[in-house]
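Peer 1: My structure is in run_17.cif, and what it holds is mmCIF, C-alpha atoms and all ligand atoms:
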data_start
loop_
_atom_site.label_atom_id
_atom_site.label_comp_id
_atom_site.auth_asym_id
_atom_site.auth_seq_id
_atom_site.Cartn_x
_atom_site.Cartn_y
_atom_site.Cartn_z
CA VAL A 25 -88.70 21.22 -9.85
CA ILE A 26 -85.25 22.78 -9.91
CA CYS A 27 -85.00 26.43 -8.90
CA THR A 28 -81.81 28.25 -9.78
CA GLY A 29 -80.43 31.38 -8.18
CA SER A 30 -77.94 32.04 -5.41
CA GLU A 31 -80.37 34.63 -4.00
CA LEU A 32 -82.78 31.80 -3.07
CA LEU A 33 -80.13 30.00 -1.01
CA GLN A 34 -78.87 33.18 0.62
CA GLY A 35 -82.35 34.07 1.83
CA HIS A 36 -82.62 37.28 -0.20
CA THR A 37 -85.55 36.00 -2.27
CA LEU A 38 -88.38 33.88 -0.94
CA ASN A 39 -88.99 30.95 -3.30
CA SER A 40 -92.50 32.01 -4.24
CA ASN A 41 -92.24 30.31 -7.62
CA LEU A 42 -92.06 26.94 -5.90
CA ALA A 43 -95.18 27.73 -3.86
CA PHE A 44 -96.96 28.83 -7.03
CA LEU A 45 -95.89 25.80 -9.06
CA GLY A 46 -96.63 23.38 -6.21
CA ALA A 47 -100.17 24.71 -5.85
CA GLN A 48 -100.77 24.81 -9.60
CA LEU A 49 -99.48 21.29 -10.18
CA ASP A 50 -101.41 19.97 -7.21
CA GLY A 51 -104.50 21.61 -8.69
CA ILE A 52 -104.19 19.47 -11.83
CA GLY A 53 -103.43 16.31 -9.90
CA LEU A 54 -99.67 16.21 -10.42
CA ALA A 55 -97.51 15.58 -7.39
CA VAL A 56 -94.15 17.34 -7.20
CA SER A 57 -91.87 14.57 -5.96
CA ARG A 58 -88.85 16.74 -5.24
CA GLU A 59 -87.61 20.30 -5.34
CA VAL A 60 -83.99 21.31 -5.46
CA SER A 61 -82.61 24.84 -5.27
CA VAL A 62 -79.14 25.37 -6.68
CA PRO A 63 -76.82 28.38 -6.81
CA ASP A 64 -76.09 30.16 -10.10
CA GLY A 65 -73.47 28.33 -12.13
CA ARG A 66 -73.60 25.95 -15.02
CA GLU A 67 -72.10 23.01 -13.12
CA ALA A 68 -74.57 23.17 -10.26
CA ILE A 69 -77.52 23.40 -12.64
CA ALA A 70 -76.24 20.59 -14.88
CA ALA A 71 -75.58 18.30 -11.90
CA ALA A 72 -79.08 18.87 -10.53
CA VAL A 73 -80.74 18.29 -13.91
CA LEU A 74 -78.78 15.11 -14.46
CA GLU A 75 -79.61 13.81 -10.99
CA GLU A 76 -83.34 14.57 -11.19
CA LEU A 77 -83.74 13.15 -14.69
CA ARG A 78 -82.77 9.75 -13.32
CA THR A 79 -86.17 9.49 -11.65
CA ALA A 80 -88.46 12.27 -12.88
CA ASP A 81 -90.51 12.03 -16.07
CA VAL A 82 -91.21 15.74 -16.14
CA LEU A 83 -88.73 18.31 -14.87
CA ILE A 84 -89.37 22.02 -14.51
CA THR A 85 -86.46 24.41 -14.14
CA VAL A 86 -86.95 27.95 -12.91
CA GLY A 87 -84.66 30.89 -13.65
CA GLY A 88 -81.42 31.44 -15.47
CA LEU A 89 -82.92 32.19 -18.88
CA GLY A 90 -81.95 35.86 -18.96
CA PRO A 91 -79.20 37.58 -20.94
CA THR A 92 -76.53 37.87 -18.24
CA SER A 93 -73.46 35.70 -17.69
CA ASP A 94 -75.03 33.88 -14.72
CA ASP A 95 -78.07 32.83 -16.79
CA LEU A 96 -76.96 29.40 -17.89
CA THR A 97 -79.92 27.05 -17.59
CA ARG A 98 -80.65 27.02 -21.32
CA GLU A 99 -77.09 26.01 -22.22
CA ALA A 100 -76.80 23.42 -19.44
CA VAL A 101 -80.08 21.67 -20.30
CA ALA A 102 -79.52 21.79 -24.06
CA GLU A 103 -76.14 20.12 -23.67
CA LEU A 104 -77.40 17.42 -21.29
CA LEU A 105 -80.31 16.56 -23.55
CA GLY A 106 -78.06 16.57 -26.61
CA LEU A 107 -80.14 19.24 -28.35
CA PRO A 108 -77.98 21.83 -30.11
CA LEU A 109 -79.01 25.48 -29.63
CA ARG A 110 -80.19 27.32 -32.75
CA LEU A 111 -81.09 30.94 -33.21
CA ASP A 112 -84.87 31.08 -33.63
CA ALA A 113 -85.76 33.94 -35.95
CA GLU A 114 -89.37 34.07 -34.77
CA VAL A 115 -88.35 34.29 -31.11
CA LEU A 116 -85.81 36.98 -31.96
CA ARG A 117 -88.53 39.00 -33.71
CA ALA A 118 -90.85 38.61 -30.71
CA ILE A 119 -88.15 39.85 -28.32
CA GLU A 120 -87.28 42.79 -30.59
CA SER A 121 -90.90 43.82 -30.86
CA TYR A 122 -91.42 43.47 -27.07
CA LEU A 123 -88.45 45.79 -26.46
CA ALA A 124 -89.38 48.22 -29.25
CA ASP A 125 -92.90 48.63 -27.80
CA ARG A 126 -91.32 49.69 -24.52
CA LYS A 127 -88.53 51.74 -26.13
CA ILE A 128 -85.88 49.60 -24.40
CA ARG A 129 -82.46 49.24 -26.04
CA VAL A 130 -80.51 46.04 -25.38
CA PRO A 131 -77.14 44.92 -26.82
CA ALA A 132 -77.63 42.66 -29.85
CA GLN A 133 -75.75 39.80 -28.17
CA ALA A 134 -78.16 39.80 -25.21
CA LEU A 135 -81.06 39.47 -27.63
CA ARG A 136 -79.44 36.61 -29.47
CA ILE A 137 -78.74 34.62 -26.27
CA GLN A 138 -82.40 34.70 -25.35
CA ALA A 139 -83.48 33.78 -28.87
CA MET A 140 -81.47 30.53 -28.82
CA VAL A 141 -83.80 27.52 -28.77
CA PRO A 142 -82.72 23.88 -28.36
CA GLU A 143 -83.41 21.85 -31.51
CA THR A 144 -86.94 20.34 -31.53
CA ALA A 145 -87.90 22.39 -28.44
CA LEU A 146 -91.02 24.52 -28.34
CA ALA A 147 -90.59 28.19 -27.36
CA LEU A 148 -93.29 29.36 -24.91
CA PRO A 149 -94.27 33.03 -25.40
CA ASN A 150 -93.32 35.44 -22.62
CA LEU A 151 -95.92 38.22 -22.44
CA ASN A 152 -94.17 40.06 -19.61
CA GLY A 153 -90.52 39.78 -20.49
CA THR A 154 -88.01 38.80 -23.11
CA ALA A 155 -86.78 35.25 -22.45
CA PRO A 156 -89.26 32.67 -23.77
CA GLY A 157 -89.93 29.50 -21.81
CA LEU A 158 -88.78 26.28 -23.42
CA TRP A 159 -90.54 22.92 -23.64
CA CYS A 160 -87.95 20.25 -24.46
CA ARG A 161 -88.45 16.52 -25.07
CA SER A 162 -85.69 13.98 -25.25
CA GLY A 163 -85.37 10.29 -24.48
CA GLY A 164 -88.90 10.05 -23.07
CA LYS A 165 -88.30 12.94 -20.65
CA THR A 166 -89.89 16.37 -20.71
CA VAL A 167 -87.91 19.33 -19.45
CA ILE A 168 -89.69 22.67 -19.15
CA LEU A 169 -87.57 25.78 -18.66
CA LEU A 170 -89.32 28.79 -17.13
CA PRO A 171 -88.02 32.31 -16.41
CA GLY A 172 -87.39 33.33 -12.78
CA PRO A 173 -89.39 36.57 -12.35
CA PRO A 174 -92.81 35.57 -10.97
CA ARG A 175 -94.62 38.07 -13.21
CA GLU A 176 -93.18 36.24 -16.20
CA LEU A 177 -93.40 32.68 -14.88
CA GLU A 178 -96.97 32.74 -13.56
CA PRO A 179 -98.84 33.78 -16.73
CA MET A 180 -96.56 31.59 -18.85
CA PHE A 181 -97.35 28.57 -16.70
CA VAL A 182 -101.09 29.19 -16.75
CA GLU A 183 -101.30 29.92 -20.47
CA SER A 184 -98.71 27.64 -22.06
CA VAL A 185 -97.56 24.97 -19.60
CA ARG A 186 -100.60 23.91 -17.60
CA PRO A 187 -102.81 23.00 -20.58
CA ARG A 188 -99.99 20.96 -22.14
CA LEU A 189 -99.31 19.12 -18.88
CA GLN A 190 -103.02 18.41 -18.44
CA ALA A 191 -103.18 16.92 -21.93
CA MET A 192 -100.05 14.87 -21.31
CA CYS A 193 -100.98 13.61 -17.82
CA PRO A 194 -104.76 13.32 -17.39
CA PRO A 195 -105.79 13.33 -13.71
CA GLN A 196 -106.00 9.99 -11.91
CA THR A 197 -107.78 11.27 -8.85
CA TYR A 198 -110.80 13.41 -8.06
CA ARG A 199 -110.53 16.02 -5.32
CA ARG A 200 -112.51 18.74 -3.64
CA VAL A 201 -111.41 21.27 -1.08
CA ILE A 202 -113.37 23.35 1.41
CA ARG A 203 -112.08 26.20 3.57
CA ILE A 204 -113.24 26.35 7.17
CA CYS A 205 -113.03 29.18 9.67
CA GLY A 206 -113.65 29.24 13.40
CA LEU A 207 -113.04 25.55 14.18
CA GLY A 208 -109.75 23.94 15.19
CA GLU A 209 -108.03 21.34 13.02
CA SER A 210 -108.56 18.48 15.50
CA THR A 211 -112.28 19.26 15.96
CA ILE A 212 -112.70 19.25 12.20
CA ALA A 213 -110.68 16.04 11.81
CA GLU A 214 -112.89 14.27 14.34
CA LYS A 215 -116.03 15.19 12.40
CA VAL A 216 -114.46 14.29 9.06
CA ASP A 217 -113.21 10.92 10.32
CA SER A 218 -116.57 9.88 11.72
CA LEU A 219 -118.32 10.96 8.52
CA LEU A 220 -115.84 9.18 6.24
CA ALA A 221 -116.35 5.91 8.10
CA SER A 222 -119.41 5.49 5.83
CA PHE A 223 -117.48 6.49 2.67
CA PRO A 224 -114.67 3.99 2.07
CA GLY A 225 -111.96 4.97 -0.42
CA ILE A 226 -112.10 8.69 0.37
CA GLU A 227 -108.99 10.17 1.91
CA PRO A 228 -108.94 13.44 3.88
CA ALA A 229 -106.03 15.89 4.09
CA TYR A 230 -105.76 19.08 6.16
CA CYS A 231 -103.85 22.31 5.79
CA ALA A 232 -104.14 24.75 8.70
CA THR A 233 -103.15 28.42 8.88
CA PRO A 234 -103.72 30.53 12.04
CA ALA A 235 -107.35 31.24 11.15
CA LEU A 236 -108.39 28.84 8.42
CA VAL A 237 -108.30 25.11 7.85
CA ASP A 238 -108.51 23.62 4.36
CA VAL A 239 -109.99 20.14 4.19
CA ARG A 240 -109.37 18.20 1.03
CA LEU A 241 -111.10 14.97 0.13
CA SER A 242 -109.59 12.83 -2.60
CA ALA A 243 -110.38 9.51 -4.21
CA GLU A 244 -109.78 7.65 -7.44
CA LEU A 245 -111.77 9.04 -10.36
CA ALA A 246 -114.39 6.27 -10.30
CA LEU A 247 -115.45 7.36 -6.80
CA GLN A 248 -116.43 10.90 -7.83
CA PRO A 249 -120.17 10.53 -7.01
CA ARG A 250 -119.33 9.06 -3.59
CA LEU A 251 -116.88 11.85 -2.84
CA ASP A 252 -119.40 14.51 -3.89
CA GLN A 253 -121.95 12.96 -1.55
CA ALA A 254 -119.45 12.90 1.34
CA MET A 255 -118.45 16.51 0.68
CA ASP A 256 -122.06 17.69 0.56
CA GLN A 257 -122.74 15.99 3.90
CA LEU A 258 -119.60 17.54 5.40
CA ILE A 259 -120.60 21.02 4.24
CA ALA A 260 -124.07 20.54 5.77
CA LEU A 261 -122.50 19.30 9.02
CA LEU A 262 -120.11 22.25 9.36
CA GLY A 263 -122.69 24.88 8.36
CA ASN A 264 -121.57 28.50 8.49
CA ALA A 265 -118.01 27.53 9.37
CA VAL A 266 -117.48 26.70 5.68
CA LEU A 267 -116.54 29.62 3.43
CA PRO A 268 -118.41 29.76 0.11
CA ALA A 269 -116.52 28.05 -2.71
CA ASP A 270 -116.11 31.32 -4.60
CA CYS A 271 -114.64 33.18 -1.58
CA PRO A 272 -111.01 32.20 -1.03
CA THR A 273 -110.56 34.52 1.95
CA LEU A 274 -112.56 35.67 4.95
CA ALA A 275 -112.50 39.22 3.65
CA ALA A 276 -113.96 38.01 0.35
CA ALA A 277 -116.73 36.17 2.23
CA VAL A 278 -117.53 39.30 4.25
CA GLY A 279 -117.40 41.42 1.09
CA ALA A 280 -119.78 39.06 -0.72
CA ILE A 281 -122.43 39.34 2.02
CA LEU A 282 -122.08 43.12 2.25
CA ARG A 283 -122.31 43.45 -1.51
CA GLN A 284 -125.42 41.30 -1.61
CA ARG A 285 -127.12 43.46 1.02
CA GLY A 286 -125.89 46.75 -0.36
CA TRP A 287 -124.23 47.47 2.98
CA SER A 288 -121.05 49.39 3.75
CA LEU A 289 -118.36 48.54 6.29
CA ALA A 290 -115.79 50.60 8.18
CA THR A 291 -113.14 49.54 10.68
CA ALA A 292 -111.66 51.12 13.82
CA GLU A 293 -108.32 49.46 14.41
CA SER A 294 -105.84 49.77 17.20
CA CYS A 295 -103.53 46.73 17.49
CA THR A 296 -104.15 45.60 13.88
CA GLY A 297 -103.05 48.99 12.52
CA GLY A 298 -105.19 48.72 9.39
CA LYS A 299 -104.73 45.02 8.61
CA ILE A 300 -108.48 44.42 8.43
CA ALA A 301 -108.94 47.35 6.09
CA ALA A 302 -106.02 46.06 4.00
CA ALA A 303 -107.67 42.62 3.74
CA MET A 304 -110.96 44.20 2.68
CA THR A 305 -109.33 46.47 0.10
CA ASP A 306 -107.27 43.62 -1.33
CA GLN A 307 -110.43 42.73 -3.20
CA PRO A 308 -111.08 44.35 -6.55
CA GLY A 309 -114.24 46.47 -6.42
CA ALA A 310 -114.03 46.88 -2.63
CA SER A 311 -115.41 50.42 -2.86
CA ALA A 312 -118.85 48.84 -3.36
CA PHE A 313 -118.88 47.70 0.30
CA PHE A 314 -115.88 49.17 2.13
CA ALA A 315 -116.09 52.79 3.28
CA GLY A 316 -112.88 53.35 5.23
CA ALA A 317 -110.83 52.81 8.36
CA VAL A 318 -109.71 54.73 11.41
CA VAL A 319 -106.37 53.52 12.74
CA ALA A 320 -106.68 54.79 16.30
CA TYR A 321 -103.52 53.66 18.02
CA SER A 322 -103.12 56.27 20.73
CA ASN A 323 -105.68 57.18 23.39
CA GLU A 324 -105.94 60.65 21.84
CA TRP A 325 -106.96 59.21 18.50
CA LYS A 326 -109.47 56.90 20.13
CA GLN A 327 -111.03 60.00 21.72
CA HIS A 328 -110.82 62.44 18.81
CA ALA A 329 -111.49 60.18 15.85
CA LEU A 330 -113.96 57.81 17.49
CA GLY A 331 -115.39 59.65 20.48
CA VAL A 332 -114.16 57.20 23.13
CA ARG A 333 -114.71 58.84 26.54
CA PRO A 334 -111.55 59.78 28.51
CA ASP A 335 -113.32 58.46 31.57
CA SER A 336 -113.65 54.97 30.01
CA LEU A 337 -110.00 54.95 29.02
CA ALA A 338 -108.98 55.92 32.55
CA ARG A 339 -111.34 53.52 34.30
CA TYR A 340 -111.14 50.39 32.10
CA GLY A 341 -107.96 50.95 30.11
CA ALA A 342 -107.53 51.15 26.32
CA VAL A 343 -107.69 47.36 26.05
CA SER A 344 -111.14 46.61 27.44
CA ALA A 345 -114.59 45.53 26.33
CA GLU A 346 -115.94 49.00 27.16
CA VAL A 347 -113.42 50.83 24.97
CA ALA A 348 -113.86 48.34 22.10
CA ARG A 349 -117.60 48.97 22.29
CA GLU A 350 -117.16 52.76 22.36
CA MET A 351 -114.79 52.57 19.39
CA LEU A 352 -117.47 50.68 17.49
CA ASP A 353 -120.25 53.03 18.56
CA GLY A 354 -118.19 56.03 17.47
CA LEU A 355 -117.43 54.42 14.15
CA LEU A 356 -121.04 53.54 13.39
CA SER A 357 -122.46 56.87 14.49
CA ARG A 358 -119.83 59.20 13.03
CA TYR A 359 -119.13 57.57 9.69
CA ASP A 360 -122.58 56.54 8.51
CA VAL A 361 -121.92 52.88 7.73
CA ASP A 362 -124.12 49.78 8.14
CA ALA A 363 -121.48 47.51 9.66
CA GLY A 364 -118.33 48.02 11.68
CA ILE A 365 -115.40 46.26 13.28
CA ALA A 366 -113.43 47.70 16.21
CA VAL A 367 -110.38 46.02 17.72
CA THR A 368 -108.15 46.86 20.65
CA GLY A 369 -105.51 44.58 22.12
CA ILE A 370 -101.97 43.99 23.29
CA ALA A 371 -99.87 42.54 20.45
CA GLY A 372 -96.63 42.58 22.44
CA PRO A 373 -93.89 41.77 22.96
CA SER A 374 -94.03 44.51 25.62
CA GLY A 375 -97.05 46.21 27.20
CA GLY A 376 -98.54 43.18 28.92
CA THR A 377 -99.36 42.99 32.63
CA ASP A 378 -100.61 40.19 34.88
CA GLY A 379 -104.17 41.41 34.50
CA LYS A 380 -103.81 42.19 30.80
CA PRO A 381 -101.24 39.87 29.25
CA VAL A 382 -99.84 40.02 25.72
CA GLY A 383 -102.37 38.48 23.36
CA LEU A 384 -105.42 39.93 25.12
CA VAL A 385 -107.74 41.34 22.45
CA TYR A 386 -111.28 42.72 22.42
CA ILE A 387 -113.22 42.64 19.20
CA ALA A 388 -116.47 44.55 18.76
CA THR A 389 -118.58 44.05 15.66
CA GLY A 390 -121.80 45.69 14.63
CA ALA A 391 -124.17 44.71 11.85
CA GLY A 392 -127.43 46.60 11.52
CA HIS A 393 -128.87 46.61 15.03
CA SER A 394 -126.82 43.82 16.52
CA VAL A 395 -123.58 44.35 18.41
CA GLN A 396 -121.14 41.75 19.69
CA VAL A 397 -118.11 42.28 21.89
CA GLN A 398 -115.81 39.33 22.53
CA ARG A 399 -112.64 38.85 24.53
CA PHE A 400 -109.81 36.70 23.21
CA SER A 401 -106.47 35.53 24.41
CA PHE A 402 -104.28 34.78 21.41
CA PRO A 403 -100.99 32.89 21.64
CA GLY A 404 -97.88 33.68 19.66
CA ASN A 405 -95.70 36.64 18.77
CA ARG A 406 -96.75 40.13 17.70
CA ASP A 407 -97.25 39.16 14.09
CA SER A 408 -99.32 36.12 14.98
CA VAL A 409 -101.53 38.06 17.45
CA ARG A 410 -102.21 40.77 14.86
CA THR A 411 -102.92 38.26 12.09
CA ARG A 412 -105.28 36.23 14.25
CA THR A 413 -107.04 39.34 15.49
CA ALA A 414 -107.76 40.48 11.94
CA ALA A 415 -109.01 37.05 10.90
CA VAL A 416 -111.14 36.43 13.98
CA ALA A 417 -112.64 39.92 13.73
CA LEU A 418 -113.64 39.31 10.12
CA ASN A 419 -115.12 35.95 11.03
CA GLN A 420 -117.04 37.42 13.97
CA LEU A 421 -118.62 39.95 11.63
CA ARG A 422 -119.21 37.32 8.93
CA LEU A 423 -121.15 35.07 11.34
CA GLN A 424 -123.04 38.05 12.71
CA LEU A 425 -124.02 39.17 9.22
CA LEU A 426 -125.22 35.65 8.46
CA HIS A 427 -127.27 35.51 11.67
CA GLU A 428 -128.48 39.06 11.73
CA THR A 429 -132.05 39.52 10.63
CA ALA A 430 -133.74 42.70 9.62
CA SER A 431 -135.90 42.54 12.73
CA ALA A 432 -132.93 42.29 15.13
CA SER A 433 -132.87 45.13 17.58
CA GLY A 434 -130.89 46.11 20.61
CA GLY A 435 -127.48 44.63 21.34
CA GLY A 436 -125.94 42.05 23.59
CA VAL A 437 -122.50 42.32 25.12
CA ASN A 438 -120.79 38.99 25.41
CA PRO A 439 -117.41 39.72 26.96
P1 LIG B 501 -84.11 37.51 -16.17
O1 LIG B 501 -84.34 37.71 -17.61
O2 LIG B 501 -84.89 38.52 -15.35
O3 LIG B 501 -82.69 37.40 -15.74
P2 LIG B 501 -84.21 34.71 -15.49
O4 LIG B 501 -85.05 33.63 -16.07
O5 LIG B 501 -82.76 34.67 -15.82
O6 LIG B 501 -84.85 36.09 -15.89
P3 LIG B 501 -83.36 34.86 -12.81
O7 LIG B 501 -82.28 35.79 -13.25
O8 LIG B 501 -82.97 33.52 -12.34
O9 LIG B 501 -84.42 34.67 -13.98
O10 LIG B 501 -84.26 35.56 -11.74
C1 LIG B 501 -84.73 36.86 -11.98
C2 LIG B 501 -85.43 37.37 -10.74
O11 LIG B 501 -86.61 36.58 -10.53
C3 LIG B 501 -84.63 37.18 -9.45
O12 LIG B 501 -83.86 38.29 -9.16
C4 LIG B 501 -85.73 37.02 -8.42
O13 LIG B 501 -86.14 38.29 -7.95
C5 LIG B 501 -86.85 36.38 -9.17
N1 LIG B 501 -86.85 34.94 -8.89
C6 LIG B 501 -86.07 33.99 -9.45
N2 LIG B 501 -86.37 32.79 -8.98
C7 LIG B 501 -87.36 32.96 -8.08
C8 LIG B 501 -88.11 32.09 -7.25
N3 LIG B 501 -87.88 30.77 -7.26
N4 LIG B 501 -89.07 32.62 -6.46
C9 LIG B 501 -89.28 33.95 -6.47
N5 LIG B 501 -88.61 34.84 -7.22
C10 LIG B 501 -87.67 34.35 -8.03
#
Now, as a test, write the supplied structure out as structure tokens.
Peer 2:
Amino acid sequence: VICTGSELLQGHTLNSNLAFLGAQLDGIGLAVSREVSVPDGREAIAAAVLEELRTADVLITVGGLGPTSDDLTREAVAELLGLPLRLDAEVLRAIESYLADRKIRVPAQALRIQAMVPETALALPNLNGTAPGLWCRSGGKTVILLPGPPRELEPMFVESVRPRLQAMCPPQTYRRVIRICGLGESTIAEKVDSLLASFPGIEPAYCATPALVDVRLSAELALQPRLDQAMDQLIALLGNAVLPADCPTLAAAVGAILRQRGWSLATAESCTGGKIAAAMTDQPGASAFFAGAVVAYSNEWKQHALGVRPDSLARYGAVSAEVAREMLDGLLSRYDVDAGIAVTGIAGPSGGTDGKPVGLVYIATGAGHSVQVQRFSFPGNRDSVRTRTAAVALNQLRLQLLHETASASGGGVNP
């Protein structure tokens, strides 16, 4: 993969296209062997293409297909592959109609540049922009040119590139991935290794983020039944720590349980400042199970919006099991919801003391009649503490919802 654009090298734009392409290609069993980012400029692009074509069978370039003077990928690749550029009347019509629909006027020359297609190349429709992608073949190599804006590249890859790559390079391996929450990478690896001792030929791989660990098992295609058996045993072994296959995030897993029960959730957030609510509302249709959030950062807000007692704040401090519990109680009683999450903690970098260091967090969750309050000490900077708090809070509620039974009554505090 060659990504073009000085903005990528200067740190102005995060190379999200590479992350997208890497994940997509991995998903169809194709390994990206190398990625190179080059600044704008025909020479830099041509040199990179020439270099990579020495070893790669399939090359994807990203960016530089637009109408401006720094968009030179099309010309550079066409010249290197020895494919003269020709004006494609059909592409020109598609661009004109895209612009006419949006009442956008563009100089004729800019239209023509984007309608130039290397001889024998296939133009890939761009549903969200003007420049088409280009699928070029020459001398046994395939070079695929994609536009830089992610909103153009992503649908184009999914609709036009992925199916063609799949047909051209059928998968050699079989893989399955599970997402695990609440267990550390090394604990998981120990369990996986001992299980896989009875399943030769199956390779594990791990990818850990602060709150989740993805475990991937892969094997050659012929071992599919064996891999399925190993994966089923692993899922049974890890139990509730495994997120359902159709829930890519913790919030989605929580949402799925709430939706199934017809329950509603609200959050009372101090140190997370609404992150948990944001994760819940990231999901389409969240209004079916998410009622709202109170971001109660100051002591006054904890009192007025949630009914936390001034006496508790004075006696135990805002970051305490008692205040977390009162935040939750206030939330559940005032806002008429079935489940709640309340968090209070010290995200830092300042505000910590010997008794209450940065990273100290209390999480209270309530589901039906059961209440849980837990104390945590998270490592890392402000961002990491807040991210972990949100994830761990969602997982605490998820496990509670899974365990909670209709007959549960009363509550236990487990500080
Ligand atoms: P355009 O017609 O918009 O000029 P293009 O194919 O010429 O399309 P570029 O000019 O290279 O694409 O990039 C356009 C914009 O797309 C950049 O300003 C940047 O915001 C975004 N972009 C480009 N490459 C990447 C990348 N690798 N990751 C994320 N965003 C990118």
Peer 1: Find the residues near range 208-214 of chain A: any atom within 12 Å, counting only C-alpha atoms, skip ones fewer than 5 places away on the same chain, and give them as a list in words.
Peer 2: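 Non-adjacent residues within range: Ile202, Arg203, Leu219, Leu220, Ala221, Glu227, Pro228, Ala229, Tyr230, Cys231, Ala232, Thr233, Pro234, Ala235, Leu236, Val237, Asp238, Val239, Arg240, Leu241, Leu258, Ile259, Leu261, Leu262, Ala265 and Val266 of chain A.
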Peer 1: Could you give me the residues within 7 Å of ligand LIG 501 (chain B), counting all atoms listed in the file, as a VMD selection string?
Peer 2: chain A and resid 27 to 29 32 37 to 42 86 to 92 95 154 to 155 170 to 174
Peer 1: Do you know which residues lie at most 10 Å from (-90.0, 28.2, -18.3), with coordinates as in the file and all atoms listed in the file counted, and could you write them as a list in words?
Peer 2: Ile84, Thr85, Val86, Gly87, Gly88, Leu89, Arg98, Ala147, Leu148, Pro149, Asn150, Ala155, Pro156, Gly157, Leu158, Trp159, Val167, Ile168, Leu169, Leu170, Pro171, Gly172, Glu176, Leu177, Glu178, Met180, Phe181, Ser184 and Val185 of chain A
Peer 1: Those residues with C-alpha atoms, as a short mmCIF file (atom, residue, chain, number, x, y, z; two decimals), in the frame of the given file please?
Peer 2:
data_model
loop_
_atom_site.label_atom_id
_atom_site.label_comp_id
_atom_site.auth_asym_id
_atom_site.auth_seq_id
_atom_site.Cartn_x
_atom_site.Cartn_y
_atom_site.Cartn_z
CA ILE A 84 -89.37 22.02 -14.51
CA THR A 85 -86.46 24.41 -14.14
CA VAL A 86 -86.95 27.95 -12.91
CA GLY A 87 -84.66 30.89 -13.65
CA GLY A 88 -81.42 31.44 -15.47
CA LEU A 89 -82.92 32.19 -18.88
CA ARG A 98 -80.65 27.02 -21.32
CA ALA A 147 -90.59 28.19 -27.36
CA LEU A 148 -93.29 29.36 -24.91
CA PRO A 149 -94.27 33.03 -25.40
CA ASN A 150 -93.32 35.44 -22.62
CA ALA A 155 -86.78 35.25 -22.45
CA PRO A 156 -89.26 32.67 -23.77
CA GLY A 157 -89.93 29.50 -21.81
CA LEU A 158 -88.78 26.28 -23.42
CA TRP A 159 -90.54 22.92 -23.64
CA VAL A 167 -87.91 19.33 -19.45
CA ILE A 168 -89.69 22.67 -19.15
CA LEU A 169 -87.57 25.78 -18.66
CA LEU A 170 -89.32 28.79 -17.13
CA PRO A 171 -88.02 32.31 -16.41
CA GLY A 172 -87.39 33.33 -12.78
CA GLU A 176 -93.18 36.24 -16.20
CA LEU A 177 -93.40 32.68 -14.88
CA GLU A 178 -96.97 32.74 -13.56
CA MET A 180 -96.56 31.59 -18.85
CA PHE A 181 -97.35 28.57 -16.70
CA SER A 184 -98.71 27.64 -22.06
CA VAL A 185 -97.56 24.97 -19.60
#
Peer 1: Identify, on the basis of all atoms listed in the file, every residue whose closest approach to Arg285 in chain A does not exceed 12 Å; exclude the query and any residue fewer than 2 positions from it along the same chain; express the result as a VMD selection string.
Peer 2: chain A and resid 278 to 283 287 to 289 312 to 313 362 to 363 391 to 392 425 to 426 428 to 430
Peer 1: Mind dumping the selected residues with C-alpha atoms as a compact mmCIF listing (two decimals), in the coordinates of the input?
Peer 2:
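Here's the written file out-v3.txt:
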# COMPACT_ATOMS: atom_id res chain seq x y z
CA VAL A 278 -117.53 39.30 4.25
CA GLY A 279 -117.40 41.42 1.09
CA ALA A 280 -119.78 39.06 -0.72
CA ILE A 281 -122.43 39.34 2.02
CA LEU A 282 -122.08 43.12 2.25
CA ARG A 283 -122.31 43.45 -1.51
CA TRP A 287 -124.23 47.47 2.98
CA SER A 288 -121.05 49.39 3.75
CA LEU A 289 -118.36 48.54 6.29
CA ALA A 312 -118.85 48.84 -3.36
CA PHE A 313 -118.88 47.70 0.30
CA ASP A 362 -124.12 49.78 8.14
CA ALA A 363 -121.48 47.51 9.66
CA ALA A 391 -124.17 44.71 11.85
CA GLY A 392 -127.43 46.60 11.52
CA LEU A 425 -124.02 39.17 9.22
CA LEU A 426 -125.22 35.65 8.46
CA GLU A 428 -128.48 39.06 11.73
CA THR A 429 -132.05 39.52 10.63
CA ALA A 430 -133.74 42.70 9.62
Peer 1: Fewer than 2 positions away in the same chain doesn't count, so skip those; otherwise give me all residues within 10 Å of Ala134 in chain A, counting all atoms listed in the file, as a JSON list (two decimals) with C-alpha atoms, in the coordinates of the input.
Peer 2:
[["chain", "number", "residue", "atom", "x", "y", "z"],
["A", 90, "GLY", "CA", -81.95, 35.86, -18.96],
["A", 91, "PRO", "CA", -79.20, 37.58, -20.94],
["A", 92, "THR", "CA", -76.53, 37.87, -18.24],
["A", 93, "SER", "CA", -73.46, 35.70, -17.69],
["A", 130, "VAL", "CA", -80.51, 46.04, -25.38],
["A", 131, "PRO", "CA", -77.14, 44.92, -26.82],
["A", 132, "ALA", "CA", -77.63, 42.66, -29.85],
["A", 136, "ARG", "CA", -79.44, 36.61, -29.47],
["A", 137, "ILE", "CA", -78.74, 34.62, -26.27],
["A", 138, "GLN", "CA", -82.40, 34.70, -25.35],
["A", 139, "ALA", "CA", -83.48, 33.78, -28.87]]
Peer 1: Which residue is closest to Leu245 in chain A? Choose from A:Gly53, A:Ile26, A:Trp325, A:Ala417 and count all atoms listed in the file.
Peer 2: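 Answer, going by the shortest atom-to-atom distance: A:Gly53.
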